[in-house]
Amino acid sequence: MERSTIVRVHDGLHARPATRFVNLAKGFECDIELIKADKSINAKSSVKLMLLGVKENDEITVRATGADAAEAIEALIGFLENPHSGTFEINTAEKIKSVEVAPVANNTVSHSHLRGVAASEGLAIGKAFGFFPAVIDQENRTIAKDAIPAELARLKQAFATVQDRMNASLEIDNLAASDRGIIAALKDIACDQDLVDGATTLVESGMDAISAVIGTTSRIASDFAAIDDPYLNARADDMNAVGRQICLALLGQNDVNLDAIPEGSILIAEDIGAWDLARAPLKRIAGIVCGRGGATSHVAIIARAHGIPAVLGLGSDVQRLSNIGTVAIDGNSGEVFEDPDQEIVARFQRKIAEATAEKHALSVFKDFIPKRADGTIIEIAANIGSLEEIEAAQEAGAMGVGLFRTELLFMRHMHLPSEDFQTETYAALATAFAPYPVIVRTLDIGGDKAVSGIDFPDEDNPFLGWRGIRMCLDRPDVFKPQLRALLRASAKGNIKVMLPMVSSIDEVHATRALIDECIAELKAESQEYALFGLGVMIETPAAVLIAPALAREVAFFSIGTNDLTQYIMAADRLNPTVAKLNDVTHPAVMTAIEMTTTAGVQAGIMVGMCGEAAGRPDLIPTFIKMGLTELSMSPASIQRAKKCVQDFG
């Protein structure tokens, strides 16, 4: 994604504006380039930016790749088009900072605060507890040839030590199930063959073990960070966290821990390893603020599972909070106030009291079964992407899973997941939510997401390219193991399967043919299996227009409003210049939803929705009127949605 503009900064990007521009760029997780004529530089490097020699009235292009690319480009273009950028200490062009002006007597007082990623909802105020472990440097020392065997032995022992430490953590009796799942995932990363082989190869070439580990984990992490998918992008943090643990083992050290954090503290950190946080005394932590991380990172998942407000992705600005006394954070908006005055404290205390009352009022809906006036049950389910999110969905009262994204199974490892591993994952999911259904979406991966073992062509627009069911049908060696795993796991619980990016009935027929092949193979192998209901996601205009025919072929529809909206409106949902067109309430989109629902109802099949719109209280009554009987959303929205259904009646 890129945009061009004319630089209006007075005198161009000389030292001070360049520093401000780079600090702004560092506040975003995506990779950012600044292009002038035929030269391209990393926008997060002050030296390279100044060497580029950007003058006032120069034409510049900002290119960003990553989960928050749209926000980054909008903020950086705003900076470049502001003649006063870099003049003031706090700049209104910067999206990660803002200034609030509130009246006090006859004067106005500015309350500066930071803005990051709203990763776990809720508000908190408390004493700041800084957690800034020492950085381990990559020295790139050369090892003498005769010393290489000993260095390899140290490396091998370090990997074993980390495995032992993680196994010990998994044996802790009071460890929450979601935290246990995260540690297990980190343990799996720590023994991944690509990581082990990569570090070993570098040591064999004469590099010291610590530098080899940092180099290998950084390489793999950068691959994850470049993916335009928030779930997969967040795995870069996991890889770096694992690399740190291996380096500490090489140094013969244990990482500093959070055992000493006082009750009611706001945890402040550049980054927190999921392993460290999962083992911390979480009941003492009132809130979390991190320089790194996003809404789908393991830190965010842990925070949500334990009801801890969290704001992540502050970038280098988190250093401003390392030595302050009190912090107030808003996990709903992503705002962080440093040393708040009495007015802000009073406002937060009032909001916290209101939120506590609302949460208590909604908690009665955890086990509530919402129904239409005619008695039809409306299933309120959860959208999740990993087993670590099960607990948060259960605590919210999810009536099953309306969307389980299987991409993470393929992306979090450096190899294609085995059929047995997939079977265990899907079976665990089905068991956790029994007797409610679990809808598993088959692999929805495309050219914008790299997968080891699948070579994707270069595509100008991967959202319109070789993705979803299109790729899977062309790669039965990838698709069939997933279908076999789903058939095997269906013997353990109520599993349904849906196909993404369907645009023709032939795709359904081809999938059924593969399923029949899988069933024949499982029978011949005497493997236990059970049939599952096969449905499709309605997210392409083609699927909407052939919905009546599709409804005669499948067991259910699930409307994916995010993609459906961007395809109907022909507006890239990651492009801020057309953001206003990505509105699910647009008559064209609502008509498409109604057409789909009508076709499904007339055919007697279930029609659900798994897009973000499913959790909107202002739209739920309309969707129920249309005939939808299943709404799937983030766990945080479930109890509110149940109440909305009850109020609608």
# chains A, B, ... in the order shown; residues from 1 in each chain; ligands from 1
$ residues_around --residues "Val364 (chain A)" --least-positions-apart "3" --cutoff "12 Å" --atoms "only C-alpha atoms" --output "PyMOL selection string"
chain A and resi 357-361+367-369+395-397+638-640+642-643
$ select_by_dssp --residues "region 243-297 of chain A" --states "alpha helix (DSSP H)" --output "number ranges by chain"
A: 243-251, 274-278
$ residues_around --residues "region 621-632 of chain A" --least-positions-apart "4" --cutoff "10 Å" --atoms "only C-alpha atoms" --output "ChimeraX atom specification"
/A:371-372,376-384,398-403,557-559,590,593-598,600-601,606-617,637-638,641-642,644-649
$ closest_atom_pairs --of "region 391-435 of chain A" --to "region 300-310 of chain A" --cutoff "9 Å" --atoms "only C-alpha atoms" --output "CSV"
residue,atom,partner,partner_atom,distance
A:Glu391,CA,A:Ala305,CA,6.6
A:Ala392,CA,A:Ala305,CA,4.7
A:Ala393,CA,A:Ala305,CA,8.4
A:Glu395,CA,A:Ala305,CA,8.3
$ write_last_selection --atoms "N, CA and C atoms" --output "short mmCIF file (atom, residue, chain, number, x, y, z; two decimals), in the first residue's frame"
data_model
loop_
_atom_site.label_atom_id
_atom_site.label_comp_id
_atom_site.auth_asym_id
_atom_site.auth_seq_id
_atom_site.Cartn_x
_atom_site.Cartn_y
_atom_site.Cartn_z
N GLU A 391 -10.87 -20.04 26.37
CA GLU A 391 -11.33 -19.68 27.71
C GLU A 391 -12.09 -18.35 27.72
N ALA A 392 -11.58 -17.35 26.99
CA ALA A 392 -12.26 -16.06 26.95
C ALA A 392 -13.65 -16.20 26.34
N ALA A 393 -13.78 -17.04 25.32
CA ALA A 393 -15.08 -17.26 24.69
C ALA A 393 -16.03 -17.97 25.64
N GLU A 395 -15.89 -17.95 28.97
CA GLU A 395 -16.24 -17.04 30.06
C GLU A 395 -17.29 -16.03 29.63
#
$ residues_around --residues "Lys145 (chain A)" --least-positions-apart "6" --cutoff "12 Å" --atoms "only C-alpha atoms" --output "PyMOL selection string"
chain A and resi 151-152+203-208
$ residues_around --residues "Asn257 (chain A)" --least-positions-apart "4" --cutoff "9 Å" --atoms "only C-alpha atoms" --output "tab-separated table (two decimals) with N, CA and C atoms, in the first residue's frame"
chain	number	residue	atom	x	y	z
A	131	PHE	N	8.90	-2.49	33.51
A	131	PHE	CA	9.47	-3.83	33.28
A	131	PHE	C	10.31	-3.74	32.01
A	276	ASP	N	6.53	-14.98	30.07
A	276	ASP	CA	6.67	-14.23	31.32
A	276	ASP	C	5.31	-13.80	31.86
A	277	LEU	N	4.47	-13.28	30.97
A	277	LEU	CA	3.18	-12.77	31.42
A	277	LEU	C	2.27	-13.89	31.90
A	279	ARG	N	3.01	-16.51	33.39
A	279	ARG	CA	3.44	-17.02	34.69
A	279	ARG	C	3.40	-15.94	35.78
A	280	ALA	N	3.02	-14.73	35.42
A	280	ALA	CA	3.03	-13.60	36.36
A	280	ALA	C	1.81	-13.66	37.29
$ closest_residue --among "A:Glu71, A:Glu528, A:Asp271, A:Glu553" --to "Asp506 (chain A)" --atoms "only C-alpha atoms"
A:Glu553
$ atom_distance --atom1 "CA of Asn494 (chain A)" --atom2 "CA of His298 (chain A)"
27.3 Å
$ closest_residue --among "A:Gly313, A:Gly325, A:Gly243, A:Gly264" --to "Val117 (chain A)" --atoms "only C-alpha atoms"
A:Gly313
$ select_by_dssp --residues "region 363-541 of chain A" --states "strand (DSSP E or B)" --output "PyMOL selection string"
chain A and resi 371+377+379-384+401-405+438-441+451+454+495-499+533-538
$ closest_atom_pairs --of "region 534-628 of chain A" --to "region 509-527 of chain A" --cutoff "12 Å" --atoms "only C-alpha atoms" --output "CSV"
residue,atom,partner,partner_atom,distance
A:Leu534,CA,A:Arg512,CA,8.7
A:Gly535,CA,A:Thr511,CA,10.9
A:Val536,CA,A:Thr511,CA,11.1
A:Leu550,CA,A:His509,CA,10.5
A:Arg552,CA,A:His509,CA,11.9
A:Glu553,CA,A:His509,CA,8.4
A:Val554,CA,A:His509,CA,10.0
$ residues_around --residues "Phe532 (chain A)" --least-positions-apart "4" --cutoff "12 Å" --atoms "only C-alpha atoms" --output "list of chain:residue names"
A:Ala430, A:Pro437, A:Val438, A:Ile439, A:Val440, A:Leu483, A:Arg484, A:Ala485, A:Leu486, A:Leu487, A:Arg488, A:Ala489, A:Ser490, A:Ala491, A:Lys492, A:Gly493, A:Asn494, A:Ile495, A:Lys496, A:Val497, A:Met498, A:Arg512, A:Ile515, A:Asp516, A:Ile519, A:Val554, A:Ala555, A:Phe556
$ write_last_selection --atoms "C-alpha atoms" --output "PDB file, in the first residue's frame"
ATOM      1  CA  ALA A 430     -15.206 -29.375  19.543  1.00  0.00           C
ATOM      2  CA  PRO A 437     -21.470 -26.403  17.159  1.00  0.00           C
ATOM      3  CA  VAL A 438     -18.019 -25.305  16.101  1.00  0.00           C
ATOM      4  CA  ILE A 439     -17.770 -23.914  12.562  1.00  0.00           C
ATOM      5  CA  VAL A 440     -14.278 -24.371  11.147  1.00  0.00           C
ATOM      6  CA  LEU A 483     -10.537 -32.417   5.305  1.00  0.00           C
ATOM      7  CA  ARG A 484      -9.399 -35.781   6.699  1.00  0.00           C
ATOM      8  CA  ALA A 485      -8.552 -34.108  10.012  1.00  0.00           C
ATOM      9  CA  LEU A 486     -11.983 -32.458  10.151  1.00  0.00           C
ATOM     10  CA  LEU A 487     -13.714 -35.785   9.449  1.00  0.00           C
ATOM     11  CA  ARG A 488     -11.700 -37.475  12.205  1.00  0.00           C
ATOM     12  CA  ALA A 489     -12.292 -34.650  14.684  1.00  0.00           C
ATOM     13  CA  SER A 490     -16.039 -34.682  13.936  1.00  0.00           C
ATOM     14  CA  ALA A 491     -16.217 -38.007  15.775  1.00  0.00           C
ATOM     15  CA  LYS A 492     -15.367 -36.050  18.946  1.00  0.00           C
ATOM     16  CA  GLY A 493     -17.941 -33.276  18.720  1.00  0.00           C
ATOM     17  CA  ASN A 494     -20.280 -31.053  16.765  1.00  0.00           C
ATOM     18  CA  ILE A 495     -18.156 -29.739  13.911  1.00  0.00           C
ATOM     19  CA  LYS A 496     -19.351 -27.884  10.857  1.00  0.00           C
ATOM     20  CA  VAL A 497     -17.091 -26.855   7.995  1.00  0.00           C
ATOM     21  CA  MET A 498     -17.355 -23.799   5.770  1.00  0.00           C
ATOM     22  CA  ARG A 512     -17.561 -32.850  -1.919  1.00  0.00           C
ATOM     23  CA  ILE A 515     -14.476 -35.341   0.955  1.00  0.00           C
ATOM     24  CA  ASP A 516     -15.757 -38.591  -0.569  1.00  0.00           C
ATOM     25  CA  ILE A 519     -13.988 -40.911   3.597  1.00  0.00           C
ATOM     26  CA  VAL A 554     -25.020 -26.825   1.375  1.00  0.00           C
ATOM     27  CA  ALA A 555     -26.078 -27.122   5.014  1.00  0.00           C
ATOM     28  CA  PHE A 556     -25.657 -23.472   6.001  1.00  0.00           C
TER      29      PHE A 556
END
$ residues_around --residues "Pro541 (chain A)" --least-positions-apart "5" --cutoff "12 Å" --atoms "only C-alpha atoms" --output "JSON list (two decimals) with N, CA and C atoms, in the first residue's frame"
[["chain", "number", "residue", "atom", "x", "y", "z"],
["A", 501, "MET", "N", -14.45, -17.84, 0.24],
["A", 501, "MET", "CA", -14.26, -17.28, -1.12],
["A", 501, "MET", "C", -14.96, -18.08, -2.22],
["A", 502, "VAL", "N", -16.09, -18.69, -1.88],
["A", 502, "VAL", "CA", -16.84, -19.45, -2.89],
["A", 502, "VAL", "C", -17.50, -18.49, -3.87],
["A", 503, "SER", "N", -17.38, -18.81, -5.15],
["A", 503, "SER", "CA", -18.03, -17.99, -6.17],
["A", 503, "SER", "C", -18.77, -18.83, -7.20],
["A", 504, "SER", "N", -18.72, -20.17, -7.06],
["A", 504, "SER", "CA", -19.46, -21.02, -7.98],
["A", 504, "SER", "C", -19.85, -22.34, -7.31],
["A", 546, "ILE", "N", -25.98, -16.16, -6.68],
["A", 546, "ILE", "CA", -26.37, -17.56, -6.89],
["A", 546, "ILE", "C", -26.78, -18.22, -5.57],
["A", 547, "ALA", "N", -27.08, -17.40, -4.56],
["A", 547, "ALA", "CA", -27.42, -17.93, -3.24],
["A", 547, "ALA", "C", -28.56, -18.95, -3.28],
["A", 559, "ILE", "N", -22.36, -15.36, 6.56],
["A", 559, "ILE", "CA", -22.08, -14.13, 5.83],
["A", 559, "ILE", "C", -20.86, -13.45, 6.43],
["A", 560, "GLY", "N", -19.82, -13.29, 5.61],
["A", 560, "GLY", "CA", -18.61, -12.58, 6.05],
["A", 560, "GLY", "C", -18.69, -11.13, 5.64],
["A", 561, "THR", "N", -19.16, -10.28, 6.52],
["A", 561, "THR", "CA", -19.48, -8.90, 6.14],
["A", 561, "THR", "C", -18.25, -8.06, 5.79],
["A", 563, "ASP", "N", -15.34, -8.85, 4.07],
["A", 563, "ASP", "CA", -14.99, -8.99, 2.65],
["A", 563, "ASP", "C", -16.18, -8.68, 1.75],
["A", 564, "LEU", "N", -17.37, -9.10, 2.17],
["A", 564, "LEU", "CA", -18.55, -8.84, 1.34],
["A", 564, "LEU", "C", -18.70, -7.34, 1.09],
["A", 565, "THR", "N", -18.49, -6.54, 2.10],
["A", 565, "THR", "CA", -18.63, -5.10, 1.95],
["A", 565, "THR", "C", -17.59, -4.54, 0.98],
["A", 566, "GLN", "N", -16.33, -4.96, 1.13],
["A", 566, "GLN", "CA", -15.30, -4.39, 0.25],
["A", 566, "GLN", "C", -15.49, -4.84, -1.19],
["A", 567, "TYR", "N", -15.99, -6.05, -1.40],
["A", 567, "TYR", "CA", -16.19, -6.52, -2.77],
["A", 567, "TYR", "C", -17.40, -5.86, -3.42],
["A", 568, "ILE", "N", -18.47, -5.70, -2.67],
["A", 568, "ILE", "CA", -19.66, -5.06, -3.24],
["A", 568, "ILE", "C", -19.40, -3.59, -3.52],
["A", 569, "MET", "N", -18.68, -2.93, -2.61],
["A", 569, "MET", "CA", -18.42, -1.51, -2.78],
["A", 569, "MET", "C", -17.19, -1.23, -3.64],
["A", 570, "ALA", "N", -16.48, -2.29, -4.04],
["A", 570, "ALA", "CA", -15.24, -2.14, -4.83],
["A", 570, "ALA", "C", -14.30, -1.15, -4.15],
["A", 588, "ALA", "N", -26.62, -1.15, -0.62],
["A", 588, "ALA", "CA", -26.21, -2.25, -1.48],
["A", 588, "ALA", "C", -25.77, -3.46, -0.66],
["A", 589, "VAL", "N", -25.03, -3.20, 0.41],
["A", 589, "VAL", "CA", -24.54, -4.30, 1.25],
["A", 589, "VAL", "C", -25.70, -4.93, 2.03],
["A", 591, "THR", "N", -28.77, -4.97, 1.20],
["A", 591, "THR", "CA", -29.60, -5.73, 0.25],
["A", 591, "THR", "C", -28.98, -7.09, -0.04],
["A", 592, "ALA", "N", -27.66, -7.13, -0.17],
["A", 592, "ALA", "CA", -26.97, -8.40, -0.41],
["A", 592, "ALA", "C", -27.17, -9.36, 0.78],
["A", 593, "ILE", "N", -27.09, -8.83, 1.99],
["A", 593, "ILE", "CA", -27.30, -9.65, 3.19],
["A", 593, "ILE", "C", -28.72, -10.19, 3.21],
["A", 595, "MET", "N", -30.78, -10.61, 0.61],
["A", 595, "MET", "CA", -30.94, -11.58, -0.48],
["A", 595, "MET", "C", -30.40, -12.95, -0.06],
["A", 596, "THR", "N", -29.24, -12.94, 0.57],
["A", 596, "THR", "CA", -28.63, -14.19, 1.03],
["A", 596, "THR", "C", -29.50, -14.87, 2.08]]
$ closest_residue --among "A:Gln482, A:Asn23, A:Ser265, A:Asn57" --to "Thr425 (chain A)" --atoms "only C-alpha atoms"
A:Gln482
$ atom_distance --atom1 "CA of Glu388 (chain A)" --atom2 "CA of Glu424 (chain A)"
14.0 Å
